[in-house]
Every structure is written in C-alpha cells, then in structure tokens.
$ cat my_file-v1.json   # JSON, C-alpha atoms
[["chain", "number", "residue", "atom", "x", "y", "z"],
["A", 1024, "MET", "CA", 0.00, 0.00, 0.00],
["A", 1025, "SER", "CA", 1.42, 3.39, -1.00],
["A", 1026, "ARG", "CA", 1.84, 6.17, 1.53],
["A", 1027, "ARG", "CA", -0.84, 8.32, -0.18],
["A", 1028, "SER", "CA", -3.39, 5.48, -0.29],
["A", 1029, "GLY", "CA", -2.71, 4.86, 3.40],
["A", 1030, "ILE", "CA", -3.45, 8.51, 4.17],
["A", 1031, "LEU", "CA", -6.65, 8.31, 2.13],
["A", 1032, "GLU", "CA", -7.83, 5.20, 3.99],
["A", 1033, "PHE", "CA", -7.11, 6.92, 7.30],
["A", 1034, "ALA", "CA", -9.10, 10.02, 6.28],
["A", 1035, "VAL", "CA", -12.06, 8.00, 4.95],
["A", 1036, "LEU", "CA", -12.30, 5.99, 8.17],
["A", 1037, "GLY", "CA", -12.10, 9.19, 10.21],
["A", 1038, "LEU", "CA", -14.87, 10.92, 8.29],
["A", 1039, "LEU", "CA", -17.13, 7.87, 8.39],
["A", 1040, "ARG", "CA", -16.62, 7.66, 12.14],
["A", 1041, "GLU", "CA", -18.52, 10.96, 12.30],
["A", 1042, "SER", "CA", -21.44, 9.68, 10.20],
["A", 1043, "PRO", "CA", -22.24, 7.33, 7.30],
["A", 1044, "MET", "CA", -21.87, 8.93, 3.84],
["A", 1045, "HIS", "CA", -22.12, 8.03, 0.19],
["A", 1046, "GLY", "CA", -19.23, 8.44, -2.22],
["A", 1047, "TYR", "CA", -20.06, 11.94, -3.42],
["A", 1048, "GLU", "CA", -20.37, 13.25, 0.13],
["A", 1049, "LEU", "CA", -17.06, 11.65, 1.05],
["A", 1050, "ARG", "CA", -15.28, 13.13, -1.95],
["A", 1051, "LYS", "CA", -16.65, 16.59, -1.18],
["A", 1052, "ARG", "CA", -15.57, 16.39, 2.46],
["A", 1053, "LEU", "CA", -12.11, 15.17, 1.48],
["A", 1054, "ASN", "CA", -11.74, 17.95, -1.09],
["A", 1055, "THR", "CA", -13.16, 20.90, 0.83],
["A", 1056, "SER", "CA", -12.63, 20.04, 4.48],
["A", 1057, "LEU", "CA", -9.35, 18.16, 4.60],
["A", 1058, "GLY", "CA", -7.74, 20.06, 1.74],
["A", 1059, "VAL", "CA", -4.86, 17.64, 1.21],
["A", 1060, "PHE", "CA", -6.97, 15.47, -1.13],
["A", 1061, "ARG", "CA", -8.10, 18.12, -3.62],
["A", 1062, "ALA", "CA", -6.29, 16.51, -6.53],
["A", 1063, "PHE", "CA", -7.67, 12.98, -6.25],
["A", 1064, "SER", "CA", -10.52, 11.53, -8.30],
["A", 1065, "TYR", "CA", -13.34, 9.02, -7.98],
["A", 1066, "GLY", "CA", -10.95, 6.55, -9.62],
["A", 1067, "THR", "CA", -8.86, 6.81, -6.45],
["A", 1068, "LEU", "CA", -11.66, 6.94, -3.88],
["A", 1069, "TYR", "CA", -13.77, 3.96, -4.95],
["A", 1070, "PRO", "CA", -10.97, 1.37, -5.03],
["A", 1071, "CYS", "CA", -10.09, 2.60, -1.53],
["A", 1072, "LEU", "CA", -13.70, 2.13, -0.38],
["A", 1073, "LYS", "CA", -13.84, -1.36, -1.90],
["A", 1074, "THR", "CA", -10.64, -2.29, -0.07],
["A", 1075, "LEU", "CA", -12.03, -1.04, 3.23],
["A", 1076, "VAL", "CA", -15.23, -3.04, 2.67],
["A", 1077, "ALA", "CA", -13.22, -6.16, 1.81],
["A", 1078, "ASN", "CA", -11.22, -5.72, 5.02],
["A", 1079, "GLY", "CA", -14.45, -5.61, 7.04],
["A", 1080, "TRP", "CA", -13.93, -2.02, 8.15],
["A", 1081, "LEU", "CA", -16.90, -0.64, 6.18],
["A", 1082, "ILE", "CA", -20.26, -1.99, 5.07],
["A", 1083, "GLU", "CA", -22.32, -0.87, 2.10],
["A", 1084, "GLU", "CA", -25.99, 0.03, 2.52],
["A", 1085, "SER", "CA", -28.66, 1.30, 0.16],
["A", 1086, "GLY", "CA", -29.05, 5.04, 0.53],
["A", 1087, "ASN", "CA", -32.63, 5.23, -0.80],
["A", 1088, "ALA", "CA", -35.60, 5.80, 1.48],
["A", 1089, "PRO", "CA", -38.28, 3.05, 1.20],
["A", 1090, "GLU", "CA", -40.60, 5.22, -0.85],
["A", 1091, "ASP", "CA", -37.80, 5.90, -3.33],
["A", 1092, "ALA", "CA", -36.99, 2.25, -3.88],
["A", 1093, "LEU", "CA", -39.77, 1.83, -6.49],
["A", 1094, "THR", "CA", -39.22, 5.12, -8.28],
["A", 1095, "ALA", "CA", -35.45, 4.80, -8.68],
["A", 1096, "PRO", "CA", -35.59, 1.94, -11.26],
["A", 1097, "LEU", "CA", -38.34, 3.77, -13.19],
["A", 1098, "ALA", "CA", -36.15, 6.84, -13.42],
["A", 1099, "GLY", "CA", -33.22, 4.76, -14.63],
["A", 1100, "ARG", "CA", -31.14, 5.71, -11.59],
["A", 1101, "ARG", "CA", -29.20, 3.37, -9.36],
["A", 1102, "ALA", "CA", -29.60, 3.62, -5.61],
["A", 1103, "LYS", "CA", -26.75, 5.44, -3.90],
["A", 1104, "ILE", "CA", -24.52, 3.28, -1.76],
["A", 1105, "VAL", "CA", -23.95, 4.58, 1.75],
["A", 1106, "TYR", "CA", -20.76, 3.53, 3.52],
["A", 1107, "ARG", "CA", -20.94, 2.88, 7.25],
["A", 1108, "LEU", "CA", -18.06, 2.21, 9.66],
["A", 1109, "THR", "CA", -18.15, -1.20, 11.34],
["A", 1110, "ALA", "CA", -17.05, -1.92, 14.90],
["A", 1111, "GLU", "CA", -13.86, -3.43, 13.46],
["A", 1112, "GLY", "CA", -13.36, -0.30, 11.36],
["A", 1113, "LYS", "CA", -13.73, 1.94, 14.38],
["A", 1114, "GLU", "CA", -11.22, -0.17, 16.30],
["A", 1115, "HIS", "CA", -8.79, -0.02, 13.37],
["A", 1116, "PHE", "CA", -9.14, 3.77, 13.08],
["A", 1117, "GLU", "CA", -8.49, 4.19, 16.81],
["A", 1118, "GLU", "CA", -5.36, 2.07, 16.40],
["A", 1119, "LEU", "CA", -4.22, 4.32, 13.54],
["A", 1120, "LEU", "CA", -4.92, 7.41, 15.68],
["A", 1121, "SER", "CA", -2.61, 6.09, 18.38],
["A", 1122, "GLN", "CA", 0.36, 5.66, 16.03],
["A", 1123, "THR", "CA", 3.12, 8.26, 16.30],
["A", 1124, "GLY", "CA", 5.79, 6.87, 13.97],
["A", 1125, "PRO", "CA", 7.82, 8.88, 11.43],
["A", 1126, "ASP", "CA", 5.04, 8.78, 8.79],
["A", 1127, "ALA", "CA", 2.88, 10.94, 11.06],
["A", 1128, "TYR", "CA", 5.39, 13.79, 10.70],
["A", 1129, "GLU", "CA", 5.42, 13.92, 6.89],
["A", 1130, "ASP", "CA", 3.65, 16.78, 5.11],
["A", 1131, "GLU", "CA", 0.39, 15.23, 3.85],
["A", 1132, "HIS", "CA", 0.10, 12.61, 6.58],
["A", 1133, "PHE", "CA", 0.58, 15.22, 9.29],
["A", 1134, "ALA", "CA", -2.15, 17.41, 7.79],
["A", 1135, "ALA", "CA", -4.56, 14.47, 7.77],
["A", 1136, "ARG", "CA", -3.60, 13.52, 11.33],
["A", 1137, "PHE", "CA", -4.09, 17.10, 12.50],
["A", 1138, "ALA", "CA", -7.59, 17.12, 10.99],
["A", 1139, "PHE", "CA", -8.59, 14.42, 13.49],
["A", 1140, "PHE", "CA", -6.80, 15.80, 16.55],
["A", 1141, "GLY", "CA", -10.21, 16.37, 18.12],
["A", 1142, "GLN", "CA", -10.53, 12.56, 18.32],
["A", 1143, "THR", "CA", -6.93, 12.01, 19.45],
["A", 1144, "SER", "CA", -5.65, 11.74, 23.03],
["A", 1145, "ARG", "CA", -3.48, 14.56, 24.34],
["A", 1146, "ASP", "CA", -0.34, 12.45, 24.77],
["A", 1147, "VAL", "CA", -0.54, 11.26, 21.16],
["A", 1148, "ARG", "CA", -1.14, 14.82, 19.93],
["A", 1149, "MET", "CA", 1.97, 15.94, 21.80],
["A", 1150, "ARG", "CA", 4.14, 13.20, 20.31],
["A", 1151, "VAL", "CA", 2.95, 13.97, 16.79],
["A", 1152, "LEU", "CA", 3.42, 17.74, 17.20],
["A", 1153, "GLU", "CA", 6.88, 17.35, 18.71],
["A", 1154, "GLY", "CA", 7.88, 14.85, 16.02],
["A", 1155, "ARG", "CA", 6.67, 17.19, 13.30],
["A", 1156, "ARG", "CA", 8.61, 20.08, 14.84],
["A", 1157, "SER", "CA", 11.80, 18.02, 15.02],
["A", 1158, "ARG", "CA", 11.36, 16.97, 11.39],
["A", 1159, "LEU", "CA", 10.96, 20.59, 10.28],
["A", 1160, "GLU", "CA", 13.90, 21.78, 12.36],
["A", 1161, "GLU", "CA", 16.05, 19.16, 10.61],
["A", 1162, "ARG", "CA", 14.71, 20.31, 7.25],
["A", 1163, "LEU", "CA", 15.42, 23.94, 8.11],
["A", 1164, "GLU", "CA", 19.00, 23.12, 9.10],
["A", 1165, "LYS", "CA", 19.60, 21.32, 5.79],
["A", 1166, "MET", "CA", 18.03, 24.16, 3.80],
["A", 1167, "SER", "CA", 20.19, 26.71, 5.58],
["A", 1168, "ALA", "CA", 23.36, 24.70, 4.98],
["A", 1169, "SER", "CA", 22.48, 24.22, 1.31],
["A", 1170, "LEU", "CA", 21.79, 27.91, 0.87],
["A", 1171, "ALA", "CA", 25.11, 28.85, 2.47],
["A", 1172, "ARG", "CA", 26.97, 26.53, 0.04],
["A", 1173, "THR", "CA", 25.20, 27.66, -3.13],
["A", 1174, "ARG", "CA", 24.34, 31.31, -2.42],
["A", 1175, "GLU", "CA", 27.03, 32.76, -4.70],
["A", 1176, "ARG", "CA", 26.01, 30.53, -7.64],
["A", 1177, "LEU", "CA", 22.30, 31.39, -7.51],
["A", 1178, "ASP", "CA", 20.57, 34.14, -9.41],
["A", 1179, "ASP", "CA", 18.38, 36.56, -7.46],
["A", 1180, "TYR", "CA", 15.09, 34.79, -8.24],
["A", 1181, "THR", "CA", 16.29, 31.32, -7.28],
["A", 1182, "LEU", "CA", 17.79, 32.78, -4.12],
["A", 1183, "GLU", "CA", 14.50, 34.47, -3.27],
["A", 1184, "LEU", "CA", 12.60, 31.22, -3.85],
["A", 1185, "GLN", "CA", 14.87, 29.38, -1.42],
["A", 1186, "ARG", "CA", 14.45, 32.14, 1.16],
["A", 1187, "HIS", "CA", 10.68, 31.90, 0.73],
["A", 1188, "GLY", "CA", 10.83, 28.15, 1.36],
["A", 1189, "MET", "CA", 12.85, 28.67, 4.52],
["A", 1190, "GLU", "CA", 10.44, 31.34, 5.78],
["A", 1191, "SER", "CA", 7.50, 28.97, 5.24],
["A", 1192, "VAL", "CA", 9.20, 26.27, 7.32],
["A", 1193, "GLU", "CA", 10.09, 28.80, 10.03],
["A", 1194, "ARG", "CA", 6.45, 29.95, 10.20],
["A", 1195, "GLU", "CA", 5.23, 26.41, 10.66],
["A", 1196, "VAL", "CA", 7.81, 25.78, 13.41],
["A", 1197, "ARG", "CA", 6.52, 28.87, 15.26],
["A", 1198, "TRP", "CA", 2.95, 27.62, 14.81],
["A", 1199, "LEU", "CA", 3.92, 24.21, 16.18],
["A", 1200, "ASN", "CA", 5.63, 25.84, 19.16],
["A", 1201, "GLU", "CA", 2.38, 27.65, 19.98],
["A", 1202, "LEU", "CA", 0.33, 24.44, 19.67],
["A", 1203, "ILE", "CA", 2.77, 22.49, 21.84],
["A", 1204, "GLU", "CA", 2.69, 25.23, 24.48],
["A", 1205, "SER", "CA", -1.12, 25.15, 24.47],
["A", 1206, "GLU", "CA", -1.18, 21.37, 24.80],
["A", 1207, "ARG", "CA", 1.26, 21.47, 27.72],
["A", 1208, "ALA", "CA", -0.88, 24.10, 29.41],
["A", 1209, "GLY", "CA", -4.00, 21.97, 28.95],
["A", 1210, "ARG", "CA", -5.70, 24.40, 26.57],
["A", 1211, "ASP", "CA", -7.57, 23.64, 23.35],
["A", 1212, "LEU", "CA", -7.22, 25.79, 20.22],
["A", 1213, "LYS", "CA", -9.69, 28.33, 21.64],
["A", 1214, "GLY", "CA", -7.60, 28.76, 24.78],
["A", 1215, "SER", "CA", -9.98, 27.12, 27.26],
["A", 1216, "ALA", "CA", -8.99, 24.35, 29.67],
["A", 1217, "THR", "CA", -9.75, 20.81, 28.49],
["A", 1218, "GLY", "CA", -9.57, 17.30, 29.79],
["A", 1219, "GLY", "CA", -7.67, 14.37, 28.35],
["A", 1220, "SER", "CA", -8.55, 15.06, 24.71],
["A", 1221, "ALA", "CA", -9.80, 18.01, 22.72],
["A", 1222, "GLN", "CA", -13.50, 18.07, 21.96],
["A", 1223, "GLN", "CA", -13.57, 20.72, 19.25],
["A", 1224, "ASP", "CA", -14.06, 19.78, 15.61],
["A", 1225, "THR", "CA", -10.82, 20.29, 13.69],
["A", 1226, "THR", "CA", -11.94, 18.84, 10.39],
["A", 1227, "SER", "CA", -12.71, 22.19, 8.86],
["A", 1228, "GLY", "CA", -9.39, 23.89, 8.32],
["A", 1229, "ALA", "CA", -7.79, 20.50, 8.37],
["A", 1230, "SER", "CA", -4.18, 21.50, 8.01],
["A", 1231, "GLY", "CA", -4.35, 24.34, 10.50],
["A", 1232, "GLY", "CA", -1.49, 26.74, 9.80],
["A", 1233, "LEU", "CA", 0.04, 24.56, 7.12],
["A", 1234, "PRO", "CA", 0.44, 26.02, 3.63],
["A", 1235, "ARG", "CA", -2.38, 24.65, 1.48],
["A", 1236, "PRO", "CA", -2.09, 24.56, -2.33],
["A", 1237, "GLY", "CA", -4.63, 26.60, -4.27],
["A", 1238, "ASP", "CA", -8.21, 27.43, -3.51],
["A", 1239, "PRO", "CA", -10.92, 24.76, -3.17],
["A", 1240, "ARG", "CA", -12.16, 23.59, -6.51],
["A", 1241, "PRO", "CA", -15.88, 24.05, -7.22],
["A", 1242, "ASP", "CA", -17.96, 21.04, -6.31],
["A", 1243, "THR", "CA", -18.77, 18.79, -9.21],
["A", 1244, "PRO", "CA", -22.40, 17.95, -10.02],
["A", 1245, "ASP", "CA", -23.86, 15.16, -7.91],
["A", 1246, "ASP", "CA", -23.39, 11.65, -9.19],
["A", 1247, "THR", "CA", -26.36, 9.37, -9.38],
["A", 1248, "ALA", "CA", -24.27, 6.26, -8.81],
["A", 1249, "THR", "CA", -22.62, 6.30, -5.30]]
$ encode --input "my_file-v1.json" --output "structure tokens"
Amino acid sequence: MSRRSGILEFAVLGLLRESPMHGYELRKRLNTSLGVFRAFSYGTLYPCLKTLVANGWLIEESGNAPEDALTAPLAGRRAKIVYRLTAEGKEHFEELLSQTGPDAYEDEHFAARFAFFGQTSRDVRMRVLEGRRSRLEERLEKMSASLARTRERLDDYTLELQRHGMESVEREVRWLNELIESERAGRDLKGSATGGSAQQDTTSGASGGLPRPGDPRPDTPDDTAT
C-alpha cells in the first residue's frame, strides 16, 4: 500500500466515524474540508472504499428511502450506496490514531492527522506535534546549509525562492511551538482548559497553519451512482 493510499484510507475511516456517507459526500468532504486530497478523483476513492469493505472495516448500505426504492428503477437511476463504519473499522481507526511513527510527521500525513486531533488523546497529539517540529527543524537546518553553500552561484530569483521556502518552514515551526505550548498548558485551540482530549471539531481547516495549495475547486455535479 502506498503512503498516499494509506493517508486516504485513514481520512475516509475518520470521516465515516462521524457519520455514514455516500461516495459523493465523502469526496466533497475530502476535497473541501481536509484540503490535502483536492487533486484525487473518484478513480482513487472507490478502489479505496472497496478495499475497506473487503477488510471488514466498512459496510455498504442502500441510501434510498423506502418510498424511493420503487421510483429509482423507473427513473433509470441506481440507488446510492452509503458507507458505514463497522465496529472493526472503528477499532482499526483508533489504532491508527494512536500511532506516532515517522510517517505521522510527513507533510500530507501530518495534515490528515491534524484534521482528526479532536478525536486524538493529548499524549498522542503531543508526540505527533513534537515529532513534526523536530522533522521541520532538521529540514530547516539542511536548507540553511544548502543555501550557504550555493548562495554565490544562484541568481536573485532562485535565491528568493529558497528564502521563501525557509520562511514557510520557520512559520510552521513557530505555529507548532504555539500548539505544543497550548497542549502542555491543557488548553484547546480556543484557549480554554480541556480534559484528556480536545472536543472541538478540527476537520474544517484540516491542516491548521500549514500552507495549502490553491483554492478549493468548485464542487462537481452530484453523481447518481454512489
């Protein structure tokens, strides 16, 4: 399984933990709420859903109300399939939430993990935030060393681009420092005291202060098939 498909599976399970959805709803939430999945297509989502069903983590249900069941065939439209998280799927998602290995610190995976921090325990949030900060500090050190070696050979525009990249990393490190300080002080993102895990919904604005490519694309017309 590729890293990106693993992130997609994680995000799908997390969204379906909130409520059952059909494919179009899932795609819209992934595109507009999580942000990191704007570039993917139905050709990516549906194989992922089929895999999750085959693993026993999701079940498929008909999305039509009883009174629509007779009219749908007459209209030549297939019933929408609604995907629901199973007990095994919930357990698997909670296991994924508890993981704090190096993959959790990478750019896209971290953004997806941060989107579900409201469902994550405080100690896990701290490990992920501190791991991400360490990863970026290492990146910043390498960028600075590379810039020092090549500065005299770069034209002004390339030099400015590298400076811009370093400034972006520095901004995220400052943002992470603020989040880590809040977590240590027992505050949520609004500054109020919390218990063992944050209760606020972080799925909208999924990547927090992370740079996010482009603006959200307009929603595509609803599909009649899942």
$ residues_around --input "my_file-v1.json" --residues "stretch 1115-1130 of chain A" --least-positions-apart "6" --cutoff "7 Å" --atoms "all atoms listed in the file" --output "list in words"
Phe1033, Leu1036, Gly1037, Arg1136, Thr1143, Val1147, Arg1150, Val1151, Gly1154, Arg1155 and Arg1158 of chain A
$ atom_distance --input "my_file-v1.json" --atom1 "atom CA of A:Thr1067" --atom2 "atom CA of A:Glu1084"
20.5 Å
$ residues_around --input "my_file-v1.json" --residues "A:Gln1185" --least-positions-apart "3" --cutoff "12 Å" --atoms "all atoms listed in the file" --output "list of chain:residue names"
A:Leu1163, A:Lys1165, A:Met1166, A:Ser1167, A:Ala1168, A:Ser1169, A:Leu1170, A:Ala1171, A:Thr1173, A:Arg1174, A:Leu1177, A:Asp1178, A:Asp1179, A:Tyr1180, A:Thr1181, A:Leu1182, A:Gly1188, A:Met1189, A:Glu1190, A:Ser1191, A:Val1192
$ atom_distance --input "my_file-v1.json" --atom1 "atom CA of A:Leu1068" --atom2 "atom CA of A:Phe1137"
20.7 Å
$ closest_residue --input "my_file-v1.json" --among "A:Leu1031, A:Ala1110, A:Ile1104, A:Leu1049" --to "A:Gly1079" --atoms "all atoms listed in the file"
A:Ala1110
$ atom_distance --input "my_file-v1.json" --atom1 "atom CA of A:Val1105" --atom2 "atom CA of A:Ala1138"
22.6 Å
$ axis_aligned_box --input "my_file-v1.json" --around "stretch 1036-1053 of chain A" --padding-each-side "3 Å" --output "JSON"
{"center_x": -17.2, "center_y": 11.3, "center_z": 4.4, "size_x": 16.1, "size_y": 16.6, "size_z": 21.7}
$ closest_residue --input "my_file-v1.json" --among "A:Leu1184, A:Leu1152, A:Cys1071, A:Ile1030" --to "A:Glu1201" --atoms "only C-alpha atoms"
A:Leu1152
$ closest_residue --input "my_file-v1.json" --among "A:Glu1111, A:Glu1041, A:Glu1048, A:Glu1206" --to "A:Arg1145" --atoms "all atoms listed in the file"
A:Glu1206
$ residues_around --input "my_file-v1.json" --residues "stretch 1072-1078 of chain A" --least-positions-apart "3" --cutoff "10 Å" --atoms "only C-alpha atoms" --output "PyMOL selection string"
chain A and resi 1031-1032+1035-1036+1046+1067-1069+1081-1083+1106-1109+1111-1112
$ closest_residue --input "my_file-v1.json" --among "A:Gln1142, A:Ser1085, A:Asn1200, A:Ser1028" --to "A:Pro1043" --atoms "all atoms listed in the file"
A:Ser1085
